[in-house]
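S.K.: Structure file entry20.txt, compact mmCIF, C-alpha atoms and all ligand atoms, is pasted below:
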# COMPACT_ATOMS: atom_id res chain seq x y z
CA MET A 1 39.31 62.75 4.67
CA LYS A 2 40.99 59.40 4.14
CA ILE A 3 40.01 55.81 4.87
CA THR A 4 42.33 54.26 7.45
CA THR A 5 41.18 50.74 8.32
CA VAL A 6 38.31 48.31 7.77
CA GLU A 7 37.09 46.08 10.60
CA CYS A 8 35.24 42.80 9.88
CA ILE A 9 32.94 41.26 12.48
CA PRO A 10 31.23 38.00 11.47
CA PHE A 11 27.84 37.43 13.12
CA THR A 12 25.08 34.85 12.73
CA LEU A 13 21.40 35.51 13.38
CA PRO A 14 18.87 32.79 14.22
CA MET A 15 15.92 32.26 11.85
CA ARG A 16 12.43 32.15 13.36
CA ALA A 17 11.93 29.03 11.20
CA THR A 18 14.09 27.21 8.65
CA LEU A 19 13.53 28.78 5.21
CA HIS A 20 13.29 26.55 2.12
CA PHE A 21 13.67 27.63 -1.51
CA ALA A 22 14.60 25.92 -4.80
CA ALA A 23 18.30 26.87 -4.51
CA GLY A 24 18.78 25.76 -0.89
CA THR A 25 17.75 25.87 2.77
CA MET A 26 18.56 28.44 5.47
CA ALA A 27 18.56 27.38 9.13
CA ASP A 28 20.36 30.58 10.19
CA SER A 29 21.46 33.82 8.54
CA ARG A 30 25.19 34.57 8.20
CA HIS A 31 26.58 38.07 7.89
CA VAL A 32 29.74 40.14 8.34
CA LEU A 33 29.52 43.63 9.81
CA LEU A 34 32.00 45.99 8.13
CA ARG A 35 33.24 49.17 9.78
CA VAL A 36 35.19 51.49 7.51
CA ARG A 37 37.13 54.01 9.60
CA THR A 38 38.54 57.38 8.55
CA ASP A 39 41.18 59.79 9.81
CA GLU A 40 38.40 62.29 10.71
CA GLY A 41 36.69 59.95 13.17
CA ILE A 42 33.71 59.09 10.93
CA THR A 43 32.99 55.36 10.65
CA GLY A 44 30.90 53.87 7.85
CA THR A 45 28.86 50.75 8.65
CA ALA A 46 27.37 48.06 6.39
CA GLU A 47 26.81 44.33 6.32
CA ALA A 48 28.06 41.76 3.81
CA ILE A 49 25.69 38.80 3.56
CA SER A 50 27.00 35.28 3.02
CA ARG A 51 24.79 33.45 0.50
CA PRO A 52 27.07 30.73 -0.91
CA MET A 53 24.32 29.26 -3.11
CA PHE A 54 24.30 32.47 -5.16
CA TYR A 55 27.76 34.02 -4.78
CA GLY A 56 30.09 31.35 -3.39
CA GLU A 57 30.97 33.59 -0.43
CA SER A 58 31.20 32.42 3.19
CA GLN A 59 31.64 34.55 6.31
CA GLN A 60 35.29 33.40 6.38
CA SER A 61 35.86 34.21 2.71
CA ILE A 62 34.31 37.67 3.13
CA VAL A 63 36.56 38.38 6.12
CA SER A 64 39.62 37.11 4.22
CA ALA A 65 38.77 39.07 1.07
CA VAL A 66 38.35 42.31 3.04
CA ASN A 67 41.38 41.79 5.26
CA ASP A 68 43.69 40.59 2.47
CA TRP A 69 42.50 42.59 -0.56
CA PHE A 70 39.76 45.18 -0.33
CA GLY A 71 40.54 46.77 3.05
CA PRO A 72 44.18 47.43 2.10
CA ALA A 73 42.99 48.62 -1.34
CA LEU A 74 40.86 51.33 0.33
CA ALA A 75 43.54 52.52 2.77
CA GLY A 76 44.37 56.16 2.08
CA LEU A 77 41.43 56.61 -0.34
CA ASP A 78 38.94 59.50 -0.11
CA PRO A 79 35.62 57.86 0.95
CA PHE A 80 33.86 59.96 -1.73
CA ASN A 81 35.93 58.25 -4.43
CA THR A 82 33.78 55.16 -4.99
CA GLU A 83 34.79 55.27 -8.66
CA GLU A 84 38.41 54.46 -7.76
CA ALA A 85 37.25 52.01 -5.08
CA TRP A 86 35.38 49.86 -7.65
CA SER A 87 38.33 50.06 -10.03
CA ARG A 88 40.46 48.57 -7.25
CA PHE A 89 37.77 46.05 -6.19
CA ASP A 90 37.45 44.73 -9.72
CA ARG A 91 41.10 43.73 -9.86
CA VAL A 92 39.76 40.70 -7.93
CA ASP A 93 36.94 38.63 -9.46
CA GLY A 94 33.70 37.69 -7.64
CA ASN A 95 33.27 38.54 -3.93
CA HIS A 96 30.07 40.40 -4.75
CA THR A 97 28.75 41.11 -1.27
CA ALA A 98 32.16 42.05 0.19
CA LYS A 99 32.56 44.70 -2.53
CA GLY A 100 28.94 45.83 -2.29
CA ALA A 101 29.08 46.31 1.48
CA LEU A 102 32.28 48.37 1.32
CA ASP A 103 30.63 50.67 -1.24
CA LEU A 104 27.61 51.07 1.09
CA ALA A 105 29.88 51.88 4.06
CA MET A 106 31.66 54.54 1.97
CA HIS A 107 28.30 56.16 1.20
CA ASP A 108 27.45 56.01 4.91
CA ILE A 109 30.62 58.03 5.57
CA GLN A 110 29.68 60.52 2.83
CA GLY A 111 26.23 61.10 4.30
CA GLN A 112 27.62 61.55 7.80
CA ALA A 113 30.30 63.96 6.55
CA LEU A 114 27.65 66.07 4.76
CA GLY A 115 25.00 65.69 7.46
CA VAL A 116 22.36 64.25 5.10
CA PRO A 117 20.58 60.88 4.87
CA ALA A 118 21.99 58.62 2.12
CA CYS A 119 18.69 58.70 0.20
CA ARG A 120 19.19 62.41 -0.45
CA LEU A 121 22.65 61.77 -1.91
CA LEU A 122 21.22 59.09 -4.20
CA GLY A 123 18.32 60.92 -5.84
CA GLY A 124 16.18 62.16 -2.98
CA TYR A 125 12.86 61.08 -4.51
CA GLY A 126 10.98 60.05 -1.34
CA THR A 127 11.29 58.84 2.23
CA SER A 128 9.21 55.63 2.43
CA ALA A 129 8.53 52.46 0.45
CA ALA A 130 5.88 49.75 0.36
CA VAL A 131 7.35 46.37 1.28
CA THR A 132 6.97 42.84 -0.04
CA TYR A 133 7.11 39.80 2.22
CA VAL A 134 8.86 36.69 0.82
CA CYS A 135 7.22 33.36 1.70
CA GLY A 136 9.44 30.26 1.68
CA LEU A 137 8.54 26.95 0.00
CA GLY A 138 5.83 25.04 1.82
CA GLY A 139 2.42 23.39 1.58
CA ALA A 140 -0.35 25.42 -0.06
CA GLU A 141 -2.38 26.15 3.08
CA GLU A 142 0.76 26.63 5.18
CA VAL A 143 2.07 29.35 2.83
CA ALA A 144 -1.39 30.93 2.56
CA ASP A 145 -1.62 31.01 6.37
CA GLU A 146 1.79 32.70 6.59
CA ALA A 147 0.95 35.33 3.96
CA GLU A 148 -2.39 36.09 5.60
CA ARG A 149 -0.86 36.33 9.08
CA ILE A 150 2.03 38.58 7.99
CA GLY A 151 -0.27 40.71 5.85
CA ALA A 152 -2.64 41.29 8.77
CA ALA A 153 0.13 41.94 11.31
CA HIS A 154 2.05 44.53 9.24
CA GLY A 155 -0.44 45.80 6.66
CA ILE A 156 1.64 44.23 3.88
CA GLY A 157 -0.15 43.78 0.56
CA SER A 158 2.64 42.32 -1.62
CA PHE A 159 4.01 38.78 -1.43
CA LYS A 160 6.69 36.83 -3.23
CA LEU A 161 6.12 33.09 -3.26
CA LYS A 162 9.10 30.75 -3.60
CA VAL A 163 8.49 28.07 -6.24
CA GLY A 164 10.57 26.03 -8.70
CA MET A 165 10.51 22.53 -7.21
CA ASP A 166 7.19 20.98 -8.28
CA PRO A 167 5.00 22.80 -10.84
CA ALA A 168 1.68 21.25 -9.75
CA ARG A 169 2.34 22.02 -6.07
CA ASP A 170 3.58 25.53 -6.97
CA ILE A 171 0.40 26.32 -8.91
CA ALA A 172 -1.82 24.90 -6.12
CA MET A 173 0.04 26.99 -3.53
CA THR A 174 -0.28 30.16 -5.63
CA HIS A 175 -3.99 29.43 -6.04
CA ALA A 176 -4.38 29.02 -2.26
CA VAL A 177 -2.67 32.34 -1.54
CA ARG A 178 -4.67 34.12 -4.25
CA THR A 179 -7.95 32.76 -2.81
CA ARG A 180 -7.03 34.04 0.66
CA LEU A 181 -5.66 37.42 -0.54
CA PRO A 182 -7.63 38.39 -3.65
CA GLY A 183 -6.34 41.96 -3.75
CA ALA A 184 -2.67 41.32 -3.00
CA THR A 185 0.24 41.83 -5.37
CA LEU A 186 1.69 38.33 -5.88
CA TYR A 187 4.81 37.25 -7.74
CA LEU A 188 6.77 34.02 -7.94
CA ASP A 189 10.49 33.22 -7.64
CA GLY A 190 11.56 29.97 -9.32
CA ASN A 191 15.22 30.30 -8.27
CA GLN A 192 16.10 28.70 -11.66
CA GLY A 193 14.24 25.50 -10.79
CA TYR A 194 12.22 24.75 -13.97
CA ARG A 195 13.13 23.41 -17.40
CA GLY A 196 11.96 25.69 -20.20
CA HIS A 197 8.79 23.81 -21.24
CA VAL A 198 7.77 23.35 -17.58
CA ALA A 199 8.27 27.06 -16.93
CA ARG A 200 5.87 27.86 -19.78
CA ARG A 201 3.06 25.89 -18.11
CA VAL A 202 3.66 27.56 -14.77
CA LEU A 203 3.74 31.02 -16.37
CA ASP A 204 0.40 30.44 -18.10
CA ALA A 205 -1.18 29.30 -14.82
CA ALA A 206 0.43 32.19 -12.95
CA ALA A 207 -1.00 34.68 -15.43
CA ASP A 208 -4.48 33.22 -14.87
CA LEU A 209 -4.03 33.73 -11.11
CA GLY A 210 -3.13 37.39 -11.55
CA VAL A 211 0.56 36.93 -10.71
CA ALA A 212 2.36 40.17 -11.51
CA TRP A 213 5.67 38.66 -12.69
CA VAL A 214 7.90 35.60 -12.26
CA GLU A 215 11.51 35.70 -11.14
CA GLU A 216 14.18 33.41 -12.62
CA PRO A 217 12.02 30.46 -13.70
CA CYS A 218 14.92 28.88 -15.63
CA ALA A 219 18.61 28.25 -14.98
CA VAL A 220 20.97 31.09 -15.83
CA SER A 221 23.06 28.55 -17.80
CA ASP A 222 20.03 27.44 -19.88
CA ARG A 223 20.41 30.11 -22.53
CA TRP A 224 18.04 28.47 -25.04
CA GLY A 225 15.38 27.82 -22.38
CA ARG A 226 15.53 31.40 -21.12
CA ARG A 227 15.02 32.89 -24.58
CA PHE A 228 12.28 30.38 -25.40
CA VAL A 229 10.36 31.13 -22.20
CA ALA A 230 10.82 34.91 -22.30
CA ALA A 231 9.62 35.17 -25.90
CA ARG A 232 6.35 33.38 -25.03
CA SER A 233 5.69 34.51 -21.47
CA PRO A 234 2.27 36.09 -20.81
CA ILE A 235 3.73 38.02 -17.84
CA PRO A 236 7.08 39.79 -17.22
CA LEU A 237 10.17 37.85 -16.14
CA LEU A 238 12.41 39.26 -13.42
CA GLY A 239 16.19 38.72 -13.51
CA ASP A 240 17.94 38.10 -10.20
CA GLU A 241 20.71 35.47 -10.09
CA SER A 242 21.38 36.25 -13.77
CA CYS A 243 21.94 39.93 -12.93
CA ARG A 244 24.75 40.02 -10.36
CA THR A 245 26.83 42.63 -12.22
CA LEU A 246 26.28 45.43 -14.76
CA ALA A 247 27.75 43.21 -17.50
CA GLU A 248 25.36 40.38 -16.64
CA VAL A 249 22.40 42.78 -16.73
CA ALA A 250 23.53 43.97 -20.18
CA ARG A 251 23.78 40.33 -21.35
CA GLU A 252 20.26 39.45 -20.16
CA ILE A 253 18.74 42.61 -21.64
CA GLY A 254 20.64 42.05 -24.92
CA GLU A 255 19.43 38.45 -25.18
CA ARG A 256 15.86 39.50 -24.29
CA THR A 257 15.57 36.98 -21.47
CA ILE A 258 14.16 39.41 -18.86
CA HIS A 259 11.68 42.28 -18.58
CA MET A 260 12.64 43.43 -15.06
CA VAL A 261 15.81 43.44 -12.93
CA SER A 262 16.13 42.86 -9.19
CA ILE A 263 18.42 45.53 -7.74
CA LYS A 264 20.31 44.28 -4.69
CA VAL A 265 22.62 46.88 -3.20
CA ALA A 266 24.07 44.08 -1.06
CA ARG A 267 25.84 42.78 -4.20
CA THR A 268 26.32 45.92 -6.30
CA GLY A 269 26.59 48.66 -3.68
CA TYR A 270 25.10 52.04 -4.57
CA ARG A 271 27.51 52.95 -7.34
CA VAL A 272 27.01 49.89 -9.56
CA SER A 273 23.31 49.65 -8.63
CA GLY A 274 22.87 53.19 -9.96
CA ARG A 275 24.43 52.14 -13.27
CA ILE A 276 22.13 49.10 -13.42
CA VAL A 277 19.06 51.30 -12.86
CA GLY A 278 20.27 53.49 -15.73
CA ALA A 279 20.79 50.49 -18.01
CA CYS A 280 17.26 49.28 -17.20
CA LEU A 281 15.62 52.63 -17.87
CA ALA A 282 17.50 52.99 -21.16
CA ALA A 283 16.23 49.58 -22.31
CA GLY A 284 12.65 49.91 -21.08
CA VAL A 285 13.29 47.22 -18.44
CA ARG A 286 11.74 47.76 -15.00
CA PRO A 287 14.08 47.77 -11.97
CA MET A 288 12.76 46.74 -8.55
CA THR A 289 14.22 46.37 -5.06
CA GLY A 290 15.27 42.79 -4.29
CA SER A 291 16.37 41.16 -1.04
CA GLN A 292 19.60 39.37 -0.26
CA GLY A 293 18.22 38.35 3.13
CA GLU A 294 19.29 41.50 4.96
CA SER A 295 19.22 42.05 8.70
CA GLY A 296 18.01 45.47 9.84
CA VAL A 297 21.47 46.86 8.97
CA GLY A 298 21.27 45.86 5.31
CA THR A 299 17.56 46.70 5.09
CA LEU A 300 18.33 50.34 5.89
CA ALA A 301 20.91 50.42 3.08
CA SER A 302 18.44 48.89 0.63
CA LEU A 303 15.61 51.19 1.79
CA HIS A 304 17.65 54.36 1.21
CA PHE A 305 18.36 53.30 -2.39
CA CYS A 306 14.75 52.31 -3.03
CA VAL A 307 13.16 55.53 -1.79
CA ALA A 308 15.75 57.66 -3.60
CA HIS A 309 14.65 56.44 -7.07
CA GLU A 310 11.24 57.03 -8.64
CA SER A 311 11.51 53.81 -10.69
CA LEU A 312 12.18 51.68 -7.58
CA ALA A 313 9.85 53.44 -5.15
CA GLY A 314 6.96 52.79 -7.55
CA LEU A 315 7.02 49.03 -6.83
CA PRO A 316 6.96 47.30 -3.42
CA GLY A 317 10.50 46.46 -2.32
CA GLU A 318 11.74 43.25 -0.70
CA LEU A 319 12.52 45.01 2.56
CA SER A 320 11.04 42.68 5.17
CA PHE A 321 13.44 39.74 5.47
CA PHE A 322 14.25 40.87 9.01
CA LEU A 323 10.79 39.62 10.02
CA ASN A 324 12.19 36.09 9.51
CA LEU A 325 15.09 36.69 11.90
CA GLY A 326 15.02 35.89 15.59
CA ASP A 327 17.40 38.73 16.44
CA ASP A 328 19.00 41.87 15.01
CA LEU A 329 21.82 44.35 15.66
CA LEU A 330 19.91 47.62 15.34
CA ALA A 331 19.50 49.64 18.52
CA GLU A 332 16.17 50.87 17.15
CA PRO A 333 14.33 47.94 15.51
CA LEU A 334 12.68 48.59 12.14
CA ARG A 335 8.91 48.82 12.16
CA ILE A 336 6.68 48.27 9.15
CA VAL A 337 3.60 50.48 9.44
CA ASP A 338 0.66 49.99 7.05
CA GLY A 339 2.93 47.91 4.83
CA ARG A 340 5.58 50.62 4.51
CA LEU A 341 9.05 51.35 5.86
CA GLN A 342 10.23 54.90 6.45
CA VAL A 343 13.87 56.09 6.39
CA ASN A 344 15.04 57.80 9.56
CA GLU A 345 16.45 61.31 9.39
CA ARG A 346 19.92 60.43 10.66
CA PRO A 347 22.82 61.26 8.31
CA GLY A 348 24.27 58.51 6.12
CA LEU A 349 22.56 55.12 6.42
CA GLY A 350 21.29 55.91 9.92
CA ILE A 351 22.59 52.60 11.30
CA GLU A 352 22.95 52.52 15.07
CA ILE A 353 24.34 49.21 16.36
CA GLU A 354 23.39 47.91 19.78
CA GLU A 355 26.90 47.07 20.95
CA ALA A 356 25.80 44.73 23.74
CA LYS A 357 23.84 42.69 21.20
CA LEU A 358 26.79 42.63 18.80
CA ALA A 359 29.00 41.37 21.63
CA THR A 360 26.73 38.37 22.13
CA LEU A 361 26.23 37.58 18.41
CA ARG A 362 29.75 38.10 17.03
CA LEU A 363 31.64 34.92 16.20
CA ASP A 364 35.20 36.22 16.51
CA ARG A 365 35.39 36.43 20.31
MG MG A 401 15.49 35.64 -6.25
In structure tokens, write the structure found in this file.
Ligand code: MG
M.R.:
Amino acid sequence: MKITTVECIPFTLPMRATLHFAAGTMADSRHVLLRVRTDEGITGTAEAISRPMFYGESQQSIVSAVNDWFGPALAGLDPFNTEEAWSRFDRVDGNHTAKGALDLAMHDIQGQALGVPACRLLGGYGTSAAVTYVCGLGGAEEVADEAERIGAAHGIGSFKLKVGMDPARDIAMTHAVRTRLPGATLYLDGNQGYRGHVARRVLDAAADLGVAWVEEPCAVSDRWGRRFVAARSPIPLLGDESCRTLAEVAREIGERTIHMVSIKVARTGYRVSGRIVGACLAAGVRPMTGSQGESGVGTLASLHFCVAHESLAGLPGELSFFLNLGDDLLAEPLRIVDGRLQVNERPGLGIEIEEAKLATLRLDR
């Protein structure tokens, strides 16, 4: 089997409400659907997610990168040869989510060719995962209301709270959520918003409120601040923006700035994500499943990877961003039951696109 062509379809989904976090604001969610076709009639599907504040990629740049570089680089390649695919991808710098999505689509082809769900190709550990809901920045009672409402509606017991703008407000908000949900797993994401000494204060308060860990309190570029904070933190620190590639993960582990790593298959596909999980386990660093703001399409890809690995399936995964979206492309919408998502039994990623919906949401026609 050989890859023939790659089709790029940019689409934008409405948000139920504008989302605010320390690194930016999202009024809508911008994606590119990738279809990798083969000479045997199997098509692999994945989405690349435009998040310029983290990766510098736009929908247009993803389409250009795939049409000009990565699509032609895959032409004629065996879709099982992701090793060669990444070798070719990495002749071009950056473009994290374009590369990641093509890797995911290749695995979708592999699963379909073999007749097995992707999670069984990747480790086969389980079939379902507990999910975390990510609350945007907001007033203390407003965020507590949102967490309580979402928790009750979907049985979710794990929440990530966006912080990093104002330490006093962040601590008050965390306190409000903790008061409302005394038994919930809570963690914070600073999106690099604090200076080192400010982060220390927030971490101490967070520990007192039973926060499980804090994600990226300090800027990736603040090397001194990161080491200072990590050496004194009473709770684990989770690397996200600092861990976009295997080499960046190795740097953060080597400099002892993190205790956990957010695995996002949207940026490292399955092949590089697997290497990152291995690097974490070797160093005693805990991997967990992060969110790049996936639609249902990307959530399925992330879910397969999460349930396949014992280390990831043991922590709630950020698999509920689609609840923030006003629309989706999946023919069969995802449903969180008792706080968990279950993989379907279809081969590959099990993505079935509702073509009529795609026709209305695509931006290229
Ligand atoms: Mg983050």
S.K.: Wanna dump the chain A-ligand MG 401 (chain A) contacts at 6 Å for me, each residue with its shortest atom pair and the distance in Å to one decimal, counting all atoms listed in the file, ordered by chain and number, as a Markdown table?
M.R.:
| residue | atom | partner | partner_atom | distance |
| --- | --- | --- | --- | --- |
| A:Asp189 | CA | A:MG401 | MG | 5.7 |
| A:Asn191 | CA | A:MG401 | MG | 5.7 |
| A:Asp240 | CA | A:MG401 | MG | 5.3 |
S.K.: What's the 8 Å shell around stretch 134-141 of chain A, counting all atoms listed in the file, without same-chain residues fewer than 3 positions away, as a list of chain:residue names?
M.R.: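 So, after excluding close chain neighbours, the residues are A:Leu19, A:His20, A:Phe21, A:Ala22, A:Ala144, A:Asp145, A:Glu146, A:Ala147, A:Phe159, A:Lys160, A:Leu161, A:Lys162, A:Val163, A:Arg169, A:Asp170, A:Ala172, A:Met173, A:Thr174, A:Ala176, A:Val177, A:Glu318, A:Ser320, A:Phe321.
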S.K.: Separation of atom CA of A:Gly293 and atom CA of A:Gly350, in Å?
M.R.: 19.1 Å
S.K.: From the options A:Ala313, A:Leu300, A:Ile62, A:Leu330, which residue's atoms come nearest to A:Ala118, counting only C-alpha atoms?
M.R.: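 Going through A:Ala313, A:Leu300, A:Ile62, A:Leu330 one by one, the smallest distance to A:Ala118 is for A:Leu300.
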S.K.: Between atom CA of A:Pro14 and atom CA of A:Asn324, what is the distance, to one decimal in Å?
M.R.: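 Calculated distance between atom CA of A:Pro14 and atom CA of A:Asn324 is 8.8 Å.
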S.K.: Which is closest to A:Arg201 among A:Met288, A:Val220, A:Val131, A:Val229, if we use all atoms listed in the file?
M.R.: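 Closest to A:Arg201, using all atoms listed in the file: A:Val229.
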S.K.: Would you mind telling me which residue in A:Cys8, A:Gly339, A:Cys119, A:Ile3 lies nearest to A:Asp78 when using all atoms listed in the file?
M.R.: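 Ranked by minimum distance to A:Asp78, first place goes to A:Ile3.
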S.K.: Please compute the atom CA of A:Ala279-atom CA of A:Leu246 distance, one decimal, in Å.
M.R.: 8.1 Å
S.K.: Would you please work out which residue, of A:Gly126, A:Gly225, A:Gly278, A:Gly111, is nearest to A:Thr257 when using all atoms listed in the file?
M.R.: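 Using all atoms listed in the file, A:Thr257 sits closest to A:Gly225.
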S.K.: What would the list of residues within 6 Å of (9.3, 40.2, -13.4) (file frame) look like as a VMD selection string, if all atoms listed in the file are what count?
M.R.: chain A and resid 213 to 215 236 to 238 260
S.K.: Let me make sure I understand: among A:His107, A:Val265, A:Ala130, A:Pro217, which one has the smallest atom-to-atom distance to A:Asp166 if we use all atoms listed in the file?
M.R.: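 The closest residue to A:Asp166 is A:Pro217.
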S.K.: With distances taken over only C-alpha atoms, which of A:Val6, A:Val343, A:Ala46, A:Val116 is nearest to A:Val66?
M.R.: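 Answer, going by the shortest atom-to-atom distance: A:Val6.
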S.K.: Show which residues sit within 12 Å of A:Gln60, as a VMD selection string. Count all atoms listed in the file, and ignore same-chain residues fewer than 6 positions away.
M.R.: chain A and resid 8 to 11 30 to 32 48 to 50 52 66 to 68 95 98 363 to 364
S.K.: Got a sec: who's within 7 Å of A:Leu186, counting all atoms listed in the file, leaving out chain neighbours fewer than 2 positions off, as a PyMOL selection string?
M.R.: chain A and resi 158-160+184+188+211-212
S.K.: Could you dump the residues just selected with C-alpha atoms as a short mmCIF file (atom, residue, chain, number, x, y, z; two decimals), in the frame of the given file?
M.R.:
data_model
loop_
_atom_site.label_atom_id
_atom_site.label_comp_id
_atom_site.auth_asym_id
_atom_site.auth_seq_id
_atom_site.Cartn_x
_atom_site.Cartn_y
_atom_site.Cartn_z
CA SER A 158 2.64 42.32 -1.62
CA PHE A 159 4.01 38.78 -1.43
CA LYS A 160 6.69 36.83 -3.23
CA ALA A 184 -2.67 41.32 -3.00
CA LEU A 188 6.77 34.02 -7.94
CA VAL A 211 0.56 36.93 -10.71
CA ALA A 212 2.36 40.17 -11.51
#
S.K.: Show me the residues around (27.9, 45.1, 1.7) - criterion: an atom at most 7 Å away, all atoms listed in the file counted - as number ranges by chain.
M.R.: A: 46-49, 97-104, 266-267, 269
S.K.: List as a ChimeraX atom specification the protein and nucleic acid residues near A:Asp28, meaning an atom at most 8 Å away when all atoms listed in the file are counted, but skip any in the same chain fewer than 6 places from it.
M.R.: /A:12-15,18
S.K.: Just want the 7 Å neighbourhood of A:Ile263, counted on only C-alpha atoms, with same-chain residues fewer than 3 positions away dropped. Output as number ranges by chain.
M.R.: A: 273, 287-290
S.K.: Kindly add N, CA and C atoms to the incomplete stretch 119-140 of chain A and provide the output as a compact mmCIF listing (two decimals), in the coordinates of the input.
M.R.:
# COMPACT_ATOMS: atom_id res chain seq x y z
N CYS A 119 19.68 58.64 1.28
CA CYS A 119 18.69 58.70 0.20
C CYS A 119 18.72 60.05 -0.51
N ARG A 120 19.13 61.10 0.21
CA ARG A 120 19.19 62.41 -0.45
C ARG A 120 20.41 62.54 -1.34
N LEU A 121 21.48 61.77 -1.03
CA LEU A 121 22.65 61.77 -1.91
C LEU A 121 22.37 60.99 -3.20
N LEU A 122 21.41 60.08 -3.12
CA LEU A 122 21.22 59.09 -4.20
C LEU A 122 20.13 59.47 -5.19
N GLY A 123 19.43 60.55 -4.95
CA GLY A 123 18.32 60.92 -5.84
C GLY A 123 17.24 61.69 -5.12
N GLY A 124 17.04 61.34 -3.83
CA GLY A 124 16.18 62.16 -2.98
C GLY A 124 14.70 62.13 -3.33
N TYR A 125 14.24 61.08 -4.02
CA TYR A 125 12.86 61.08 -4.51
C TYR A 125 11.83 61.08 -3.39
N GLY A 126 11.98 60.16 -2.40
CA GLY A 126 10.98 60.05 -1.34
C GLY A 126 11.61 59.60 -0.04
N THR A 127 10.76 59.24 0.92
CA THR A 127 11.29 58.84 2.23
C THR A 127 10.70 57.52 2.73
N SER A 128 9.76 56.91 1.97
CA SER A 128 9.21 55.63 2.43
C SER A 128 8.90 54.74 1.23
N ALA A 129 8.79 53.43 1.52
CA ALA A 129 8.53 52.46 0.45
C ALA A 129 7.58 51.39 0.95
N ALA A 130 6.71 50.92 0.07
CA ALA A 130 5.88 49.75 0.36
C ALA A 130 6.78 48.52 0.34
N VAL A 131 6.49 47.54 1.20
CA VAL A 131 7.35 46.37 1.28
C VAL A 131 6.61 45.12 0.81
N THR A 132 7.43 44.18 0.33
CA THR A 132 6.97 42.84 -0.04
C THR A 132 7.47 41.86 1.02
N TYR A 133 6.65 40.89 1.35
CA TYR A 133 7.11 39.80 2.22
C TYR A 133 7.36 38.56 1.36
N VAL A 134 8.48 37.87 1.60
CA VAL A 134 8.86 36.69 0.82
C VAL A 134 8.51 35.43 1.61
N CYS A 135 7.61 34.62 1.07
CA CYS A 135 7.22 33.36 1.70
C CYS A 135 8.10 32.23 1.18
N GLY A 136 8.63 31.40 2.08
CA GLY A 136 9.44 30.26 1.68
C GLY A 136 8.58 29.15 1.09
N LEU A 137 9.25 28.12 0.52
CA LEU A 137 8.54 26.95 0.00
C LEU A 137 7.77 26.29 1.13
N GLY A 138 6.60 25.74 0.81
CA GLY A 138 5.83 25.04 1.82
C GLY A 138 4.53 24.54 1.23
N GLY A 139 3.72 23.86 2.03
CA GLY A 139 2.42 23.39 1.58
C GLY A 139 1.51 24.57 1.28
N ALA A 140 0.50 24.33 0.41
CA ALA A 140 -0.35 25.42 -0.06
C ALA A 140 -1.01 26.18 1.09
